[in-house]
>>> print(open('work-v9.tsv').read())   # TSV, C-alpha atoms
chain	number	residue	atom	x	y	z
P	208	MET	CA	26.67	-48.68	-225.05
P	209	GLU	CA	27.23	-49.15	-221.36
P	210	LYS	CA	25.24	-51.57	-219.27
P	211	LYS	CA	25.53	-53.74	-216.21
P	212	LEU	CA	27.12	-57.13	-216.77
P	213	SER	CA	23.93	-58.64	-215.38
P	214	GLU	CA	21.95	-56.94	-218.17
P	215	MET	CA	23.98	-58.36	-221.04
P	216	ASN	CA	22.07	-60.56	-223.43
P	217	TYR	CA	22.87	-64.10	-224.36
P	218	GLU	CA	25.96	-64.23	-226.63
P	219	GLU	CA	26.47	-60.48	-226.33
P	220	GLU	CA	30.11	-59.37	-226.12
P	221	GLY	CA	31.56	-56.45	-224.28
P	222	ARG	CA	34.54	-54.97	-222.53
P	223	VAL	CA	34.71	-54.37	-218.80
P	224	LYS	CA	34.47	-50.66	-218.14
P	225	SER	CA	34.41	-50.49	-214.37
P	226	ILE	CA	34.12	-52.68	-211.31
P	227	GLU	CA	33.05	-51.47	-207.90
P	228	GLN	CA	36.14	-50.90	-205.81
P	229	ASP	CA	35.51	-53.46	-203.05
P	230	LEU	CA	34.77	-56.10	-205.69
P	231	LYS	CA	37.92	-55.61	-207.76
P	232	ASN	CA	40.19	-58.04	-205.95
P	233	LYS	CA	37.43	-60.59	-205.59
P	234	VAL	CA	36.82	-61.00	-209.29
P	235	ALA	CA	40.43	-60.44	-210.38
P	236	GLY	CA	41.25	-63.99	-209.36
P	237	MET	CA	38.60	-65.20	-211.77
P	238	GLY	CA	40.23	-63.29	-214.60
P	239	ILE	CA	37.77	-60.39	-214.64
P	240	ARG	CA	39.48	-57.03	-214.73
P	241	VAL	CA	38.87	-53.64	-216.34
P	242	ASP	CA	39.43	-53.76	-220.13
P	243	LYS	CA	38.88	-57.51	-220.34
P	244	ASN	CA	36.62	-58.79	-223.11
P	245	LEU	CA	33.64	-60.82	-221.96
P	246	LYS	CA	30.95	-62.82	-223.64
P	247	MET	CA	27.68	-63.75	-221.98
P	248	ILE	CA	27.21	-67.50	-222.11
P	249	THR	CA	24.31	-68.34	-219.81
P	250	LYS	CA	21.86	-66.55	-217.58
P	251	HIS	CA	20.18	-68.83	-215.13
P	252	PRO	CA	16.55	-68.22	-214.23
P	253	LEU	CA	15.19	-67.19	-210.84
P	254	LYS	CA	18.02	-64.72	-210.22
P	255	GLY	CA	20.54	-67.52	-210.56
P	256	PRO	CA	24.16	-67.03	-211.50
P	257	ILE	CA	25.38	-65.91	-214.90
P	258	VAL	CA	28.20	-67.53	-216.85
P	259	VAL	CA	30.60	-65.41	-218.88
P	260	GLU	CA	33.52	-66.30	-221.06
P	261	VAL	CA	36.79	-64.54	-220.37
P	262	ASP	CA	40.10	-65.52	-222.00
P	263	GLY	CA	38.55	-68.69	-223.34
P	264	ALA	CA	37.44	-69.83	-219.90
P	265	HIS	CA	33.94	-69.93	-218.48
P	266	THR	CA	33.38	-68.28	-215.13
P	267	SER	CA	30.16	-68.08	-213.21
P	268	LEU	CA	29.22	-65.08	-211.13
P	269	ALA	CA	26.39	-64.40	-208.73
P	270	LEU	CA	23.84	-62.02	-210.20
P	271	SER	CA	24.42	-59.63	-207.30
P	272	ILE	CA	28.08	-59.43	-208.30
P	273	ALA	CA	27.31	-59.06	-212.00
P	274	ASP	CA	25.09	-56.10	-211.04
P	275	ARG	CA	28.13	-54.24	-209.85
P	276	ILE	CA	30.25	-54.59	-212.97
P	277	ILE	CA	29.74	-52.18	-215.86
P	278	VAL	CA	30.55	-53.24	-219.42
P	279	GLU	CA	30.73	-51.45	-222.74
P	280	VAL	CA	28.91	-53.72	-225.17
P	281	LYS	CA	29.64	-53.98	-228.86
P	282	GLU	CA	26.92	-52.52	-231.08
X	98	MET	CA	58.17	-83.94	-191.80
X	99	ARG	CA	58.21	-81.43	-194.63
X	100	LYS	CA	54.77	-80.56	-195.89
X	101	ILE	CA	53.79	-79.95	-199.47
X	102	LEU	CA	50.55	-78.15	-200.20
X	103	LEU	CA	48.80	-78.53	-203.53
X	104	ILE	CA	47.08	-75.25	-204.24
X	105	GLY	CA	45.25	-74.05	-207.33
X	106	ASN	CA	42.02	-72.77	-208.83
X	107	PRO	CA	38.99	-75.06	-208.64
X	108	ASN	CA	38.86	-77.77	-211.28
X	109	VAL	CA	42.48	-77.78	-212.44
X	110	GLY	CA	43.27	-81.35	-211.42
X	111	LYS	CA	44.79	-80.96	-207.96
X	112	SER	CA	43.25	-84.18	-206.73
X	113	VAL	CA	44.52	-86.14	-209.74
X	114	PHE	CA	47.90	-84.63	-208.93
X	115	PHE	CA	47.54	-85.72	-205.34
X	116	ASN	CA	46.66	-89.27	-206.33
X	117	ARG	CA	49.65	-89.45	-208.64
X	118	LEU	CA	52.06	-88.22	-206.02
X	119	THR	CA	50.79	-90.31	-203.15
X	120	GLY	CA	49.28	-93.33	-204.84
X	121	ALA	CA	46.05	-92.62	-203.02
X	122	ASN	CA	42.63	-92.78	-204.53
X	123	VAL	CA	40.79	-89.59	-203.78
X	124	ILE	CA	37.54	-89.02	-205.59
X	125	GLU	CA	37.98	-86.96	-208.68
X	126	SER	CA	35.22	-85.50	-210.72
X	127	ASN	CA	35.08	-83.23	-213.67
X	128	TYR	CA	33.27	-80.39	-211.98
X	129	PRO	CA	34.71	-77.74	-209.69
X	130	GLY	CA	34.44	-77.84	-205.95
X	131	THR	CA	34.85	-81.59	-205.46
X	132	THR	CA	37.40	-81.04	-202.74
X	133	VAL	CA	35.81	-78.91	-200.03
X	134	ASP	CA	37.66	-80.44	-197.14
X	135	TYR	CA	41.32	-81.39	-197.41
X	136	THR	CA	43.08	-84.71	-197.84
X	137	LYS	CA	46.48	-85.78	-196.59
X	138	GLY	CA	48.85	-88.32	-198.06
X	139	TYR	CA	52.50	-89.26	-197.97
X	140	MET	CA	55.30	-89.46	-200.48
X	141	LYS	CA	58.84	-90.72	-200.07
X	142	ARG	CA	61.64	-89.02	-201.95
X	143	ASP	CA	65.40	-89.56	-201.43
X	144	SER	CA	64.51	-91.52	-198.29
X	145	LYS	CA	62.77	-88.45	-196.88
X	146	ASP	CA	59.07	-88.47	-196.15
X	147	PHE	CA	56.83	-85.69	-197.27
X	148	GLU	CA	53.30	-85.05	-196.20
X	149	ILE	CA	51.20	-83.92	-199.14
X	150	ILE	CA	48.02	-81.97	-198.58
X	151	ASP	CA	45.35	-81.57	-201.23
X	152	VAL	CA	43.88	-78.14	-200.57
X	153	PRO	CA	40.42	-77.11	-201.84
X	154	GLY	CA	40.44	-74.98	-204.97
X	155	THR	CA	40.56	-71.23	-204.57
X	156	PHE	CA	40.68	-68.30	-206.99
X	157	SER	CA	42.56	-66.03	-204.66
X	158	LEU	CA	43.79	-65.76	-201.11
X	159	GLU	CA	40.82	-63.58	-200.26
X	160	PRO	CA	38.24	-66.19	-199.37
X	161	LYS	CA	34.75	-65.88	-200.83
X	162	ASP	CA	33.28	-69.18	-199.65
X	163	LYS	CA	33.81	-72.08	-197.26
X	164	ALA	CA	36.19	-74.05	-199.48
X	165	GLU	CA	38.31	-70.98	-200.08
X	166	GLU	CA	38.38	-70.22	-196.37
X	167	VAL	CA	39.77	-73.70	-195.70
X	168	ALA	CA	42.42	-73.16	-198.38
X	169	VAL	CA	43.57	-69.82	-197.02
X	170	LYS	CA	43.59	-71.00	-193.43
X	171	MET	CA	45.68	-74.03	-194.31
X	172	LEU	CA	48.21	-71.91	-196.10
X	173	GLU	CA	48.49	-69.59	-193.11
X	174	GLU	CA	48.93	-72.46	-190.69
X	175	GLU	CA	51.71	-74.07	-192.71
X	176	ARG	CA	54.30	-71.34	-192.91
X	177	GLU	CA	57.10	-73.86	-193.52
X	178	ALA	CA	55.37	-75.73	-196.34
X	179	LEU	CA	56.48	-76.10	-199.92
X	180	ILE	CA	53.77	-75.22	-202.41
X	181	ILE	CA	52.97	-76.91	-205.67
X	182	CYS	CA	50.73	-74.42	-207.39
X	183	VAL	CA	48.67	-76.33	-209.91
X	184	ILE	CA	47.16	-74.18	-212.61
X	185	ASP	CA	45.18	-74.87	-215.75
X	186	ALA	CA	47.56	-74.01	-218.60
X	187	SER	CA	44.62	-73.20	-220.84
X	188	LYS	CA	43.41	-70.62	-218.29
X	189	ILE	CA	46.83	-69.43	-217.36
X	190	GLU	CA	46.02	-65.86	-216.44
X	191	ARG	CA	43.76	-66.54	-213.51
X	192	GLY	CA	46.14	-69.26	-212.35
X	193	LEU	CA	49.08	-66.89	-212.37
X	194	TYR	CA	47.08	-64.46	-210.28
X	195	LEU	CA	46.85	-67.02	-207.50
X	196	ALA	CA	50.45	-68.16	-208.00
X	197	LEU	CA	51.67	-64.59	-207.57
X	198	GLU	CA	49.61	-64.16	-204.42
X	199	ILE	CA	51.27	-67.24	-202.94
X	200	ILE	CA	54.74	-66.12	-204.03
X	201	GLU	CA	54.02	-62.73	-202.50
X	202	LYS	CA	53.42	-64.39	-199.14
X	203	GLY	CA	56.96	-65.76	-199.30
X	204	TYR	CA	56.29	-69.45	-199.87
X	205	PRO	CA	58.63	-71.53	-202.02
X	206	VAL	CA	56.57	-72.46	-205.08
X	207	VAL	CA	56.80	-74.95	-207.91
X	208	LEU	CA	54.41	-73.99	-210.68
X	209	ALA	CA	52.72	-76.88	-212.50
X	210	LEU	CA	51.05	-75.90	-215.76
X	211	ASN	CA	48.55	-78.70	-215.78
X	212	MET	CA	46.19	-79.66	-218.61
X	213	TRP	CA	49.04	-78.85	-220.96
X	214	ASP	CA	47.39	-80.95	-223.67
X	215	MET	CA	44.25	-78.79	-223.41
X	216	ALA	CA	46.29	-75.64	-223.95
X	217	GLU	CA	47.89	-77.26	-226.99
X	218	ASP	CA	44.49	-78.19	-228.33
X	219	LYS	CA	43.49	-74.56	-228.01
X	220	ASN	CA	46.63	-73.60	-229.96
X	221	MET	CA	47.98	-71.63	-227.04
X	222	GLN	CA	51.69	-71.05	-226.96
X	223	ILE	CA	53.23	-70.64	-223.55
X	224	ASP	CA	56.88	-69.69	-223.26
X	225	ILE	CA	57.96	-71.75	-220.27
X	226	GLU	CA	61.56	-70.55	-220.30
X	227	LYS	CA	60.40	-66.96	-220.18
X	228	LEU	CA	57.98	-67.69	-217.34
X	229	LYS	CA	60.79	-69.39	-215.45
X	230	SER	CA	63.12	-66.47	-215.90
X	231	ILE	CA	60.48	-63.92	-214.90
X	232	LEU	CA	59.22	-65.78	-211.86
X	233	ASN	CA	62.54	-67.42	-210.96
X	234	ILE	CA	60.74	-70.55	-209.78
X	235	PRO	CA	60.50	-74.02	-211.34
X	236	VAL	CA	57.75	-74.14	-213.99
X	237	VAL	CA	56.72	-77.55	-215.30
X	238	PRO	CA	54.14	-78.44	-217.95
X	239	THR	CA	52.10	-81.41	-216.75
X	240	ILE	CA	49.22	-83.63	-217.78
X	241	ALA	CA	47.97	-85.10	-214.52
X	242	ILE	CA	45.73	-87.75	-216.03
X	243	SER	CA	48.58	-89.24	-218.09
X	244	GLY	CA	51.40	-88.52	-215.64
X	245	LYS	CA	53.42	-86.28	-217.93
X	246	GLY	CA	55.79	-83.95	-216.12
X	247	PHE	CA	55.49	-85.52	-212.67
X	248	LYS	CA	59.06	-86.64	-212.44
X	249	GLU	CA	60.17	-83.11	-213.16
X	250	VAL	CA	57.76	-81.64	-210.60
X	251	VAL	CA	59.15	-83.91	-207.89
X	252	LEU	CA	62.74	-83.21	-208.97
X	253	SER	CA	62.16	-79.46	-208.92
X	254	LEU	CA	60.82	-79.48	-205.37
X	255	LYS	CA	64.29	-78.98	-203.99
X	256	LYS	CA	64.88	-76.04	-206.30
X	257	ALA	CA	61.84	-74.20	-204.97
X	258	ALA	CA	62.75	-71.11	-202.99
X	259	SER	CA	60.89	-68.00	-202.02
X	260	VAL	CA	61.18	-65.12	-204.44
X	261	GLY	CA	60.54	-61.42	-203.92
X	262	VAL	CA	57.58	-60.03	-205.83
X	263	ASN	CA	59.48	-56.79	-206.42
X	264	GLU	CA	62.12	-58.65	-208.42
X	265	ILE	CA	59.37	-60.19	-210.52
X	266	THR	CA	57.77	-56.83	-211.19
X	267	GLU	CA	61.17	-55.48	-212.24
X	268	ARG	CA	61.72	-58.33	-214.64
X	269	VAL	CA	58.27	-57.88	-216.15
X	270	GLY	CA	59.13	-54.22	-216.63
X	271	GLU	CA	62.26	-55.16	-218.55
X	272	ILE	CA	60.37	-57.34	-220.96
X	273	LYS	CA	57.86	-54.71	-222.07
>>> encode(input="work-v9.tsv", output="structure tokens")
Amino acid sequence: MEKKLSEMNYEEEGRVKSIEQDLKNKVAGMGIRVDKNLKMITKHPLKGPIVVEVDGAHTSLALSIADRIIVEVKE
Amino acid sequence: MRKILLIGNPNVGKSVFFNRLTGANVIESNYPGTTVDYTKGYMKRDSKDFEIIDVPGTFSLEPKDKAEEVAVKMLEEEREALIICVIDASKIERGLYLALEIIEKGYPVVLALNMWDMAEDKNMQIDIEKLKSILNIPVVPTIAISGKGFKEVVLSLKKAASVGVNEITERVGEIK
């Protein structure tokens, strides 16, 4: 099932399906690219940042950025 | 005086590196973003003085915030500088992304795979010889807090030379 990265649930895992074009280079430096496996670690309240695990490393992303990344989550 | 810039992702130990190289005592903490401004220090090697600059952490050369802007600006202003790219060996992929961006700009780079002990704890195996032959730059495993690998980093500074990214891409192609 496809959903926005920002909509992933706690501990849910998924694979990056697409990233908005102008965002691609920005998040690539943080290890987030198409086909990468991600796991949702934390979602902070009050529209705060989310933390995902990618390649064994934790990376935090602004919610507004996570809104623009689509993932295919594991059923 | 030749300048050496310490560049790397946030929270990889650049400031510990800086303190080791210069004998200074910059504040280190275990969370990212401690260095927002930059710090300068000096190191003597073969009776030559080097100015060492601790640059704020950045994920890429496309700045997203103030600290990253400082990092990118400093790199642009110091066209003649040598770069020690400090990366977290246990998060090698994102580190290499930045390293390649710096190499692409034509700077001579020494790559320090810091937190080597952490990578070992995570059972990661990194083929240093292969990395060296692909990138054609000095690659040194280091543990900044214990001082492992520092001698080699300093010794490899004179071997650092700029490398064409096209050559690297070709060599990666050969390996596949």
>>> interface_residues(input="work-v9.tsv", of="chain P", to="chain X", cutoff="8 Å", atoms="only C-alpha atoms", output="list of chain:residue names")
P:Asn232, P:Lys233, P:Ala235, P:Gly236, P:Met237, P:Gly238, P:Asp262, P:Gly263, P:Ala264
>>> closest_residue(input="work-v9.tsv", among="P:Val258, P:Ile277, P:Ile272, P:Ile248", to="Leu212 in chain P", atoms="all atoms listed in the file")
P:Ile277
>>> closest_residue(input="work-v9.tsv", among="X:Thr266, X:Ser259, X:Ser112, X:Ser243", to="Val207 in chain X", atoms="only C-alpha atoms")
X:Ser259
>>> closest_residue(input="work-v9.tsv", among="P:Asp274, P:Tyr217, P:Asp229, P:Lys224", to="Lys246 in chain P", atoms="all atoms listed in the file")
P:Tyr217
>>> closest_residue(input="work-v9.tsv", among="P:Lys250, P:Glu219, P:Lys243, P:Glu214", to="Leu268 in chain P", atoms="all atoms listed in the file")
P:Lys250
>>> residues_around(input="work-v9.tsv", residues="Lys210 in chain P", least_positions_apart="6", cutoff="8 Å", atoms="only C-alpha atoms", output="PyMOL selection string")
chain P and resi 277-280
>>> residues_around(input="work-v9.tsv", residues="Pro252 in chain P", least_positions_apart="5", cutoff="12 Å", atoms="all atoms listed in the file", output="JSON, numbers by chain")
{"P": [257, 258, 269, 270]}
>>> axis_aligned_box(input="work-v9.tsv", around="range 225-231 of chain P", padding_each_side="4 Å", output="AutoDock Vina command-line options")
--center_x 35.5 --center_y -53.3 --center_z -208.7 --size_x 12.9 --size_y 13.6 --size_z 19.3
>>> residues_around(input="work-v9.tsv", residues="Ile149 in chain X", least_positions_apart="4", cutoff="10 Å", atoms="only C-alpha atoms", output="list in words")
Arg99, Lys100, Ile101, Leu102, Leu103, Phe115, Leu118, Thr119, Thr136, Lys137, Gly138, Tyr139, Met140, Ala178, Leu179, Ile180 and Ile181 of chain X
>>> residues_around(input="work-v9.tsv", residues="Val262 in chain X", least_positions_apart="2", cutoff="7 Å", atoms="all atoms listed in the file", output="JSON, numbers by chain")
{"X": [200, 201, 260, 264, 265, 266]}
>>> closest_residue(input="work-v9.tsv", among="X:Asp143, X:Asp218, X:Gly110, X:Asn122", to="Leu252 in chain X", atoms="all atoms listed in the file")
X:Asp143
>>> residues_around(input="work-v9.tsv", residues="range 225-237 of chain X", least_positions_apart="3", cutoff="9 Å", atoms="only C-alpha atoms", output="MDAnalysis selection string")
chainID X and resid 197 205:211 246:247 249:250 253:254 256:260 262 264:269 272
>>> atom_distance(input="work-v9.tsv", atom1="CA of Glu166 in chain X", atom2="CA of Val113 in chain X")
21.7 Å
>>> atom_distance(input="work-v9.tsv", atom1="CA of Glu260 in chain P", atom2="CA of Val183 in chain X")
21.3 Å
>>> atom_distance(input="work-v9.tsv", atom1="CA of Glu165 in chain X", atom2="CA of Lys254 in chain P")
23.5 Å
>>> closest_residue(input="work-v9.tsv", among="X:Glu271, X:Asp162, X:Asp146, X:Asp151", to="Cys182 in chain X", atoms="all atoms listed in the file")
X:Asp151
